[in-house]
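Participant: Just passing along the structure, written as structure tokens.
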Amino acid sequence: MAFDEGVVRNGDVKKRKHHNQGAVANGIRNGHTICKQVPTSKVKYTKKKSCESFEEAPMLIAIVTYMAYALLVVVGHVRDFLRKLCGEKNSAAKEFGNKGFVPLYSDFESFYTRNLYRRIRDCWNRPICSTPGGWFDIMERTSSDYNWHLDVTGKSSRCINLGSYNYLGFAEDSGTCAEASQETLIKYGAGVCSTRQELGNLDIHIELEKLVAQFLGLESAMVFGMGFATNALNIPALLGKGCLILSDELNHASLVLGCRLSGASIKTFKHNDMKSLENVLRNSIIDGEPGTYRPWKKILIIVEGIYSMEGSIANLPELVRLKKKYNAYLYLDEAHSIGALGPNGRGVVDYYGMDPRDVDIMMGTFTKSFGAAGGYIAGTKELIAHLKFHSHSSVYAISMSPPVAQQIISSMQCIMGLDGTNTGRHRLRQLAWNTRYFRRRLHEMGFLIYGSDDSPVVPLMLYMPAKIGAFGRECLKRNLGVVVVGFPATTIIESRARFCLSAAHTKEMLDQALEMIEEAGTVLHLRYSRLPLEKKTAITSHELEEMPVLE
């Protein structure tokens, strides 16, 4: 017998004798919740020489940014008043013919779109007319009515692509993957026209699922035709009323939607903050369900591998330690990290050298590193068998297009070396070098950069709303395609440009892009960083000299 200090029942802490017999699930044994201490030594991982930088905005910049947004709101209200008073042309959508009905959408709800977004909307939805490789063609657009409408001129500009999620460069119009997809298109056609449970379960889908499970080192996997739906429609199949979800505050919208659809209770913790997670987890176990104080049926921790707006990498070793200590489940979204991290391209688990079986539910998408579409869930055979019959994305959604499935198979085999070449290894090493080189150079220039040294997602902070559009336009003027992001996609003072590195980029291309960014940063006064270089990054110039440049 042994004494357990961590037994909680109905909110009361008690000492209790217990035998080491009996099943334990989610910290519950015979109605009691157990906080089991797991020694850190049991969690084995490879320590990475990496640094995460989240330097705070200078106080003056933060104040000016708030004032700029306040001014835009005031001007917006004045413009709305003048439109009504003077009959100024307003191309915003309006409802007509619904007399007696409650408006389907409120005109005020489009205030932000009319008065803020419209001014810089030419920086988004830019049409491209080529494959999204290291270079791509952006179609030119003009507006004669202050961005209410944008017209394509028929001309295009050849630009360096720093905006697409083409991490390993597999989004190509030639080569082994493209040729295999063309052959599959001729054999199977473009669509399946049925669900997996009816007549849409092709041999190529089964082959893909076996390959995904082999690649991840897990028992089984299941693929879906849409990455967003993989999260949104599978989380509700795993949780329900009486369950608890602990979600990182910066999780993707697909995860947020899936959590809400599940009907489970949701609590958030500070971004990538393990102390915050443990506090929320411990207090939730002590308090139990609100009102009834009953133990939770299940507790699920949901995180991402790489956060697409922050460039930060999940602290997986600590997440695994906490989930084992408190007997919770762990759901890992590897949408941006699969293929982009680790010596073998197997994501965050591979990056830390951990056992993939420590993650209960492994999710990822094929839309980034594999140059395709769709997503997957991987785990135990029992988990996948459950999802096949309870997931709306499996039961009701059309199967993955066969040419898309073949693109994933070909690119994944290349990464694994099953194609008989070292092309996959070459791409992985090129991406890793590009990432560290690009980040080091931006830090040297004095830009304020978020995220981990090893993350191919590189946010450069802009802050002020006027600089969102200005930076996008200045880069395009220099034939550089970038993504700019502002409120409400980010917090109000954290507008940014987001660069995505690719194995398709050569050192010459990156040097050219860095020169353009430096010019735009000089024009717009974007060198906000005040920290010394050694506090912002662990990457040294000597290390970059030693790392081979793979062209």
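Numbering starts fresh at 1 for the residues of each chain in the structure tokens, the chains themselves are lettered A, B, ... in the order given, and ligands are numbered from 1 as they appear.
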With 12 Å as the cut-off and only C-alpha atoms counted, what is the closest atom pair between each nearby residue of stretch 104-223 of chain A and stretch 293-317 of chain A? Distances in Å to one decimal, ordered by chain and number, as a tab-separated table.

Facilitator:
residue	atom	partner	partner_atom	distance
A:Gly163	CA	A:Ser308	CA	11.8
A:Ser164	CA	A:Ser308	CA	11.8
A:Tyr165	CA	A:Ser308	CA	9.8

Participant: For N, CA and C atoms, I'd like the residues from the last selection saved as a PDB file, in the first residue's frame.

Facilitator:
ATOM      1  N   GLY A 163       5.523  33.888 -49.376  1.00  0.00           N
ATOM      2  CA  GLY A 163       4.224  33.852 -48.739  1.00  0.00           C
ATOM      3  C   GLY A 163       3.568  32.488 -48.687  1.00  0.00           C
ATOM      4  N   SER A 164       3.931  31.577 -49.593  1.00  0.00           N
ATOM      5  CA  SER A 164       3.260  30.266 -49.666  1.00  0.00           C
ATOM      6  C   SER A 164       3.839  29.284 -48.657  1.00  0.00           C
ATOM      7  N   TYR A 165       3.000  28.315 -48.252  1.00  0.00           N
ATOM      8  CA  TYR A 165       3.430  27.285 -47.286  1.00  0.00           C
ATOM      9  C   TYR A 165       4.142  26.120 -47.977  1.00  0.00           C
TER      10      TYR A 165
END

Participant: Could you name the residues that touch stretch 347-362 of chain A at 8 Å or less, counting only C-alpha atoms, but leaving out those on the same chain fewer than 5 positions away, as a count of residues only?

Facilitator: 30

Participant: So how far away is atom CA of A:Ala171 from atom CA of A:Ser393, in Å?

Facilitator: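 Separation of atom CA of A:Ser393 and atom CA of A:Ala171: 25.2 Å.
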
Participant: Mind the document's chain letters and residue numbers, and return as a ChimeraX atom specification the residues of stretch 238-306 of chain A that DSSP labels helix (DSSP H, G or I).

Facilitator: /A:253-262,274-287

Participant: I need the residues from that last selection saved to file as a compact mmCIF listing (two decimals), in the first residue's frame (with N, CA and C atoms), if you can.

Facilitator:
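Below is the file that was written, part-v6.txt:
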# COMPACT_ATOMS: atom_id res chain seq x y z
N ALA A 253 -8.12 28.62 -35.99
CA ALA A 253 -9.59 28.73 -36.01
C ALA A 253 -10.26 27.37 -36.19
N SER A 254 -9.64 26.45 -36.92
CA SER A 254 -10.23 25.13 -37.11
C SER A 254 -10.30 24.37 -35.79
N LEU A 255 -9.28 24.53 -34.94
CA LEU A 255 -9.30 23.89 -33.62
C LEU A 255 -10.34 24.54 -32.72
N VAL A 256 -10.42 25.86 -32.78
CA VAL A 256 -11.41 26.58 -31.98
C VAL A 256 -12.82 26.15 -32.37
N LEU A 257 -13.09 26.06 -33.66
CA LEU A 257 -14.41 25.64 -34.12
C LEU A 257 -14.71 24.22 -33.70
N GLY A 258 -13.75 23.31 -33.84
CA GLY A 258 -13.95 21.93 -33.42
C GLY A 258 -14.26 21.81 -31.94
N CYS A 259 -13.57 22.61 -31.12
CA CYS A 259 -13.82 22.60 -29.68
C CYS A 259 -15.24 23.07 -29.37
N ARG A 260 -15.67 24.13 -30.04
CA ARG A 260 -17.01 24.66 -29.79
C ARG A 260 -18.08 23.68 -30.24
N LEU A 261 -17.87 23.02 -31.37
CA LEU A 261 -18.87 22.06 -31.87
C LEU A 261 -18.98 20.82 -30.99
N SER A 262 -17.93 20.52 -30.24
CA SER A 262 -17.94 19.30 -29.42
C SER A 262 -18.91 19.36 -28.25
N MET A 274 3.86 26.58 -20.07
CA MET A 274 3.59 25.32 -19.38
C MET A 274 3.17 25.53 -17.93
N LYS A 275 3.62 26.62 -17.31
CA LYS A 275 3.17 26.92 -15.95
C LYS A 275 1.69 27.28 -15.95
N SER A 276 1.28 28.06 -16.93
CA SER A 276 -0.14 28.41 -17.06
C SER A 276 -0.98 27.18 -17.32
N LEU A 277 -0.49 26.30 -18.20
CA LEU A 277 -1.23 25.06 -18.49
C LEU A 277 -1.38 24.21 -17.24
N GLU A 278 -0.30 24.06 -16.49
CA GLU A 278 -0.37 23.21 -15.29
C GLU A 278 -1.31 23.81 -14.26
N ASN A 279 -1.31 25.13 -14.09
CA ASN A 279 -2.22 25.76 -13.14
C ASN A 279 -3.68 25.52 -13.54
N VAL A 280 -3.99 25.72 -14.83
CA VAL A 280 -5.35 25.50 -15.30
C VAL A 280 -5.74 24.04 -15.16
N LEU A 281 -4.81 23.15 -15.50
CA LEU A 281 -5.07 21.71 -15.43
C LEU A 281 -5.31 21.26 -14.00
N ARG A 282 -4.44 21.69 -13.09
CA ARG A 282 -4.58 21.28 -11.69
C ARG A 282 -5.87 21.82 -11.08
N ASN A 283 -6.15 23.10 -11.30
CA ASN A 283 -7.36 23.70 -10.73
C ASN A 283 -8.63 23.07 -11.31
N SER A 284 -8.57 22.72 -12.58
CA SER A 284 -9.74 22.09 -13.21
C SER A 284 -10.02 20.72 -12.61
N ILE A 285 -8.95 19.98 -12.33
CA ILE A 285 -9.12 18.66 -11.72
C ILE A 285 -9.64 18.79 -10.29
N ILE A 286 -9.13 19.76 -9.56
CA ILE A 286 -9.57 19.97 -8.17
C ILE A 286 -11.04 20.39 -8.13
N ASP A 287 -11.42 21.32 -8.99
CA ASP A 287 -12.78 21.87 -8.96
C ASP A 287 -13.81 20.93 -9.59

Participant: Between A:Ile186, A:Leu501, A:Ile61, A:Val212, which has the minimum distance to A:Ile415 (counting only C-alpha atoms)?

Facilitator: A:Val212

Participant: Show me, as a list in words, the residues that have an atom within 8 Å of stretch 172-181 of chain A when counting only C-alpha atoms, minus same-chain residues fewer than 4 positions from it.

Facilitator: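 These residues fall inside the cut-off: Thr131, Pro132, Gly133, Leu185, Gly371, Pro403, Val404, Gln406, Gln407, Ser410 and Ser411 of chain A.
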
Participant: One decimal, Å: what's the distance from atom CA of A:Gly169 over to atom CA of A:Arg441, could you say?

Facilitator: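 Atom-to-atom, atom CA of A:Gly169 and atom CA of A:Arg441 are spaced 21.9 Å apart.
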
Participant: Skipping near chain neighbours, those fewer than 2 positions away, what residues fall within 8 Å of stretch 463-475 of chain A using only C-alpha atoms, listed as a PDB file with N, CA, C and O atoms, in the first residue's frame?

Facilitator:
ATOM      1  N   ILE A  61       5.971  52.975 -29.624  1.00  0.00           N
ATOM      2  CA  ILE A  61       5.341  52.353 -30.795  1.00  0.00           C
ATOM      3  C   ILE A  61       3.963  51.810 -30.435  1.00  0.00           C
ATOM      4  O   ILE A  61       2.996  51.957 -31.191  1.00  0.00           O
ATOM      5  N   ALA A  62       3.847  51.182 -29.264  1.00  0.00           N
ATOM      6  CA  ALA A  62       2.558  50.626 -28.838  1.00  0.00           C
ATOM      7  C   ALA A  62       1.522  51.738 -28.660  1.00  0.00           C
ATOM      8  O   ALA A  62       0.372  51.612 -29.099  1.00  0.00           O
ATOM      9  N   VAL A  64       1.511  54.796 -30.045  1.00  0.00           N
ATOM     10  CA  VAL A  64       1.183  55.378 -31.348  1.00  0.00           C
ATOM     11  C   VAL A  64       0.270  54.454 -32.141  1.00  0.00           C
ATOM     12  O   VAL A  64      -0.633  54.904 -32.858  1.00  0.00           O
ATOM     13  N   THR A  65       0.474  53.134 -32.025  1.00  0.00           N
ATOM     14  CA  THR A  65      -0.373  52.170 -32.743  1.00  0.00           C
ATOM     15  C   THR A  65      -1.811  52.238 -32.256  1.00  0.00           C
ATOM     16  O   THR A  65      -2.755  52.257 -33.065  1.00  0.00           O
ATOM     17  N   ALA A  68      -3.335  55.345 -33.580  1.00  0.00           N
ATOM     18  CA  ALA A  68      -3.614  55.245 -35.019  1.00  0.00           C
ATOM     19  C   ALA A  68      -4.923  54.505 -35.277  1.00  0.00           C
ATOM     20  O   ALA A  68      -5.735  54.928 -36.115  1.00  0.00           O
ATOM     21  N   TYR A  69      -5.157  53.407 -34.546  1.00  0.00           N
ATOM     22  CA  TYR A  69      -6.418  52.679 -34.709  1.00  0.00           C
ATOM     23  C   TYR A  69      -7.598  53.525 -34.232  1.00  0.00           C
ATOM     24  O   TYR A  69      -8.670  53.520 -34.852  1.00  0.00           O
ATOM     25  N   ILE A 120      -6.603  49.067 -47.732  1.00  0.00           N
ATOM     26  CA  ILE A 120      -5.395  48.280 -48.038  1.00  0.00           C
ATOM     27  C   ILE A 120      -5.746  46.897 -48.589  1.00  0.00           C
ATOM     28  O   ILE A 120      -4.920  45.995 -48.575  1.00  0.00           O
ATOM     29  N   CYS A 123      -3.632  44.516 -50.842  1.00  0.00           N
ATOM     30  CA  CYS A 123      -2.523  43.706 -50.320  1.00  0.00           C
ATOM     31  C   CYS A 123      -2.928  42.265 -50.062  1.00  0.00           C
ATOM     32  O   CYS A 123      -2.082  41.436 -49.695  1.00  0.00           O
ATOM     33  N   MET A 461       7.533  42.124 -37.240  1.00  0.00           N
ATOM     34  CA  MET A 461       6.526  42.991 -36.643  1.00  0.00           C
ATOM     35  C   MET A 461       6.478  44.359 -37.328  1.00  0.00           C
ATOM     36  O   MET A 461       7.501  45.002 -37.545  1.00  0.00           O
ATOM     37  N   LYS A 477       6.487  46.193 -55.092  1.00  0.00           N
ATOM     38  CA  LYS A 477       7.160  47.125 -56.002  1.00  0.00           C
ATOM     39  C   LYS A 477       8.557  46.613 -56.355  1.00  0.00           C
ATOM     40  O   LYS A 477       9.068  46.852 -57.449  1.00  0.00           O
ATOM     41  N   ARG A 478       9.164  45.866 -55.405  1.00  0.00           N
ATOM     42  CA  ARG A 478      10.509  45.324 -55.610  1.00  0.00           C
ATOM     43  C   ARG A 478      10.471  43.874 -56.053  1.00  0.00           C
ATOM     44  O   ARG A 478      11.464  43.154 -55.970  1.00  0.00           O
ATOM     45  N   ASN A 479       9.290  43.401 -56.486  1.00  0.00           N
ATOM     46  CA  ASN A 479       9.103  42.017 -56.963  1.00  0.00           C
ATOM     47  C   ASN A 479       9.348  40.986 -55.866  1.00  0.00           C
ATOM     48  O   ASN A 479      10.035  39.980 -56.065  1.00  0.00           O
ATOM     49  N   LEU A 480       8.767  41.251 -54.707  1.00  0.00           N
ATOM     50  CA  LEU A 480       8.807  40.316 -53.587  1.00  0.00           C
ATOM     51  C   LEU A 480       7.382  40.096 -53.098  1.00  0.00           C
ATOM     52  O   LEU A 480       6.699  41.036 -52.696  1.00  0.00           O
ATOM     53  N   GLY A 481       6.922  38.852 -53.139  1.00  0.00           N
ATOM     54  CA  GLY A 481       5.570  38.527 -52.691  1.00  0.00           C
ATOM     55  C   GLY A 481       5.563  38.111 -51.234  1.00  0.00           C
ATOM     56  O   GLY A 481       6.203  37.117 -50.868  1.00  0.00           O
ATOM     57  N   VAL A 482       4.865  38.865 -50.384  1.00  0.00           N
ATOM     58  CA  VAL A 482       4.801  38.575 -48.953  1.00  0.00           C
ATOM     59  C   VAL A 482       3.344  38.614 -48.481  1.00  0.00           C
ATOM     60  O   VAL A 482       2.465  39.102 -49.174  1.00  0.00           O
ATOM     61  N   VAL A 483       3.125  38.091 -47.279  1.00  0.00           N
ATOM     62  CA  VAL A 483       1.812  38.129 -46.633  1.00  0.00           C
ATOM     63  C   VAL A 483       1.884  39.115 -45.475  1.00  0.00           C
ATOM     64  O   VAL A 483       2.793  39.033 -44.640  1.00  0.00           O
ATOM     65  N   VAL A 484       0.949  40.041 -45.411  1.00  0.00           N
ATOM     66  CA  VAL A 484       0.855  40.961 -44.275  1.00  0.00           C
ATOM     67  C   VAL A 484      -0.435  40.664 -43.506  1.00  0.00           C
ATOM     68  O   VAL A 484      -1.447  40.312 -44.101  1.00  0.00           O
ATOM     69  N   VAL A 485      -0.372  40.805 -42.201  1.00  0.00           N
ATOM     70  CA  VAL A 485      -1.480  40.398 -41.332  1.00  0.00           C
ATOM     71  C   VAL A 485      -1.727  41.484 -40.292  1.00  0.00           C
ATOM     72  O   VAL A 485      -0.777  42.032 -39.730  1.00  0.00           O
ATOM     73  N   GLY A 486      -2.991  41.784 -40.038  1.00  0.00           N
ATOM     74  CA  GLY A 486      -3.332  42.776 -39.028  1.00  0.00           C
ATOM     75  C   GLY A 486      -4.574  42.386 -38.249  1.00  0.00           C
ATOM     76  O   GLY A 486      -5.143  41.308 -38.451  1.00  0.00           O
ATOM     77  N   ILE A 493      -2.233  45.581 -31.617  1.00  0.00           N
ATOM     78  CA  ILE A 493      -0.944  46.262 -31.801  1.00  0.00           C
ATOM     79  C   ILE A 493       0.120  45.350 -32.415  1.00  0.00           C
ATOM     80  O   ILE A 493       1.288  45.737 -32.498  1.00  0.00           O
ATOM     81  N   GLU A 494      -0.252  44.143 -32.824  1.00  0.00           N
ATOM     82  CA  GLU A 494       0.761  43.199 -33.304  1.00  0.00           C
ATOM     83  C   GLU A 494       0.610  42.872 -34.780  1.00  0.00           C
ATOM     84  O   GLU A 494       0.723  41.718 -35.196  1.00  0.00           O
ATOM     85  N   SER A 495       0.353  43.875 -35.605  1.00  0.00           N
ATOM     86  CA  SER A 495       0.344  43.672 -37.054  1.00  0.00           C
ATOM     87  C   SER A 495       1.727  43.230 -37.497  1.00  0.00           C
ATOM     88  O   SER A 495       2.734  43.639 -36.913  1.00  0.00           O
ATOM     89  N   ARG A 496       1.768  42.420 -38.545  1.00  0.00           N
ATOM     90  CA  ARG A 496       3.052  41.842 -38.933  1.00  0.00           C
ATOM     91  C   ARG A 496       3.079  41.432 -40.393  1.00  0.00           C
ATOM     92  O   ARG A 496       2.038  41.315 -41.039  1.00  0.00           O
ATOM     93  N   ALA A 497       4.269  41.222 -40.906  1.00  0.00           N
ATOM     94  CA  ALA A 497       4.455  40.523 -42.171  1.00  0.00           C
ATOM     95  C   ALA A 497       4.892  39.107 -41.818  1.00  0.00           C
ATOM     96  O   ALA A 497       5.655  38.905 -40.865  1.00  0.00           O
ATOM     97  N   MET A 516      15.728  43.410 -50.434  1.00  0.00           N
ATOM     98  CA  MET A 516      14.452  44.108 -50.657  1.00  0.00           C
ATOM     99  C   MET A 516      13.777  44.449 -49.330  1.00  0.00           C
ATOM    100  O   MET A 516      13.238  45.548 -49.150  1.00  0.00           O
ATOM    101  N   ILE A 517      13.800  43.499 -48.392  1.00  0.00           N
ATOM    102  CA  ILE A 517      13.179  43.732 -47.086  1.00  0.00           C
ATOM    103  C   ILE A 517      13.905  44.855 -46.347  1.00  0.00           C
ATOM    104  O   ILE A 517      13.288  45.708 -45.705  1.00  0.00           O
ATOM    105  N   ALA A 520      12.793  48.156 -47.854  1.00  0.00           N
ATOM    106  CA  ALA A 520      11.438  48.510 -47.416  1.00  0.00           C
ATOM    107  C   ALA A 520      11.434  48.896 -45.939  1.00  0.00           C
ATOM    108  O   ALA A 520      10.739  49.840 -45.524  1.00  0.00           O
ATOM    109  N   GLY A 521      12.225  48.175 -45.129  1.00  0.00           N
ATOM    110  CA  GLY A 521      12.305  48.492 -43.705  1.00  0.00           C
ATOM    111  C   GLY A 521      12.921  49.851 -43.437  1.00  0.00           C
ATOM    112  O   GLY A 521      12.534  50.551 -42.493  1.00  0.00           O
ATOM    113  N   LEU A 524      10.255  52.521 -44.268  1.00  0.00           N
ATOM    114  CA  LEU A 524       9.137  52.561 -43.317  1.00  0.00           C
ATOM    115  C   LEU A 524       9.590  52.610 -41.859  1.00  0.00           C
ATOM    116  O   LEU A 524       8.739  52.580 -40.964  1.00  0.00           O
TER     117      LEU A 524
END
